[in-house]
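Notes to accompany the following structure.
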Amino acid sequence: LMRGQQQLFGVHLDVHTLLYCSVAVSLGFQLATFFLFGKVLAVVSGLHPPKKSIDRAMQTVHLEHGLIAGAVLIASGLYGSLRATLGWARESFGDLDPFEVMRTTIPSALLLTLGFQVICASFYFSLLRMQWQERFAARGREDG
């Protein structure tokens with residue numbers, strides 16, 4: 001859809017579909033982080049048993065990973081926004097074809113949004129990670 005209108009089974013998909021797809025990606029990311037945070041909180045509070053996959057993530061994923069990923073997403077979004085703005089400047093800041101400019105601005109806005117979401121989620125995940133490590137370090141001392 002970023003390259004142009006697509007047709008699928010006789011249905012024309014264009015920037016409107018691109019907009020709703022970007023909203024779906026953003027909501028999907030929010031739901032995935034909500035699930036992850038909920039699961040970690042449930043394990044830390046003793047409501048769920050720990051799983052190896054989550055324990056592995058808690059041991060390997062650090063705040064810096066999220067900050068770097070978020071920064072890359074934000075930089076990509078800023079790059080797309082800059083490209084759109086420079087394209088507008090080439091037209092002397094006049095009227096643009098909304099279908100063409102939205103193919104750049106919608107993904108750029110999504111990347112900016114996801115970048116900030118990743119950074120905020122990384123800080124919260126880091127706090128949960130500290131609780132995780134505190135609980136299971138204490139548990140290891142009790143078992144030993």
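Residues are named by chain letter and number: chains run A, B, ... in the order of the structure tokens, numbers start at 1 in each chain, and ligands are numbered from 1 in the order shown.
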Enumerate, as a ChimeraX atom specification, the complete set of residues in chain A that a backbone-based DSSP assignment places in alpha helix (DSSP H).
-> /A:15-44,52-60,63-90,98-143
Q: Just the residues within 12 Å of range 88-101 of chain A, please, counting only C-alpha atoms, with nothing from its chain fewer than 3 positions along; format it as a list of chain:residue names.
A: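 After dropping sequence-adjacent residues, the list is A:Leu1, A:Met2, A:Arg3, A:Gly4, A:Gln5, A:Leu13, A:Asp14, A:Val15, A:His16, A:Thr17, A:Leu18, A:Leu19, A:Gly80, A:Ser81, A:Leu82, A:Arg83, A:Ala84, A:Thr85, A:Thr104, A:Thr105, A:Ile106, A:Pro107, A:Ser108.
In this structure, CA of Thr60 in chain A sits 10.4 Å away from CA of Arg129 in chain A.
CA of Ala69 in chain A is found 27.6 Å from CA of Arg135 in chain A.
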ask   = Which is closer to Leu41 in chain A than all the others in A:Thr113, A:Gln6, A:Ser76, A:Gln131, using only C-alpha atoms?
value =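 Among the listed residues, the smallest separation from Leu41 in chain A belongs to A:Gln131.
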Ala109 in chain A proximity check over A:Leu27, A:Leu73, A:Ala121, A:Val40, using only C-alpha atoms: winner is A:Leu73
Closest of A:Ser22, A:Ser45, A:Gln7, A:Thr33 to Ser122 in chain A, counting only C-alpha atoms, is A:Thr33
Can you list, as an MDAnalysis selection string, every residue of chain A that DSSP puts in strand (DSSP E)? chainID A and resid 6:8 11:13
Please save N, CA and C atoms of the selected residues as a PDB file, in the first residue's frame.
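Okay, again_3.pdb is ready:
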ATOM      1  N   GLN A   6      -3.705  -0.980  -4.184  1.00  0.00           N
ATOM      2  CA  GLN A   6      -3.658  -2.409  -4.494  1.00  0.00           C
ATOM      3  C   GLN A   6      -5.086  -2.923  -4.638  1.00  0.00           C
ATOM      4  N   GLN A   7      -5.215  -3.976  -5.405  1.00  0.00           N
ATOM      5  CA  GLN A   7      -6.532  -4.596  -5.567  1.00  0.00           C
ATOM      6  C   GLN A   7      -6.429  -6.037  -5.119  1.00  0.00           C
ATOM      7  N   LEU A   8      -7.363  -6.445  -4.275  1.00  0.00           N
ATOM      8  CA  LEU A   8      -7.389  -7.794  -3.737  1.00  0.00           C
ATOM      9  C   LEU A   8      -8.816  -8.312  -3.824  1.00  0.00           C
ATOM     10  N   VAL A  11     -11.405  -5.748  -4.495  1.00  0.00           N
ATOM     11  CA  VAL A  11     -11.511  -4.660  -3.517  1.00  0.00           C
ATOM     12  C   VAL A  11     -10.294  -3.759  -3.662  1.00  0.00           C
ATOM     13  N   HIS A  12     -10.537  -2.458  -3.751  1.00  0.00           N
ATOM     14  CA  HIS A  12      -9.454  -1.490  -3.876  1.00  0.00           C
ATOM     15  C   HIS A  12      -8.988  -1.077  -2.481  1.00  0.00           C
ATOM     16  N   LEU A  13      -7.714  -1.311  -2.221  1.00  0.00           N
ATOM     17  CA  LEU A  13      -7.109  -0.944  -0.937  1.00  0.00           C
ATOM     18  C   LEU A  13      -6.180   0.242  -1.173  1.00  0.00           C
TER      19      LEU A  13
END
*Do a neighbour search on range 64-66 of chain A at 12 Å with only C-alpha atoms, toss out local chain neighbours closer than 5 positions, and write the hits as a PyMOL selection string.*
chain A and resi 57+71-74+114-126
From CA of Phe35 in chain A to CA of Leu47 in chain A the spacing works out at 14.5 Å
Problem set entry | Residue nearest Leu36 in chain A among A:Leu110, A:Met130, A:Cys21, A:Met58 (counting only C-alpha atoms) |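 The closest residue to Leu36 in chain A is A:Met58.
Nearest residue to Gln133 in chain A, choosing from A:Leu63, A:Val44, A:Leu111, A:Arg103 and counting only C-alpha atoms: A:Val44.
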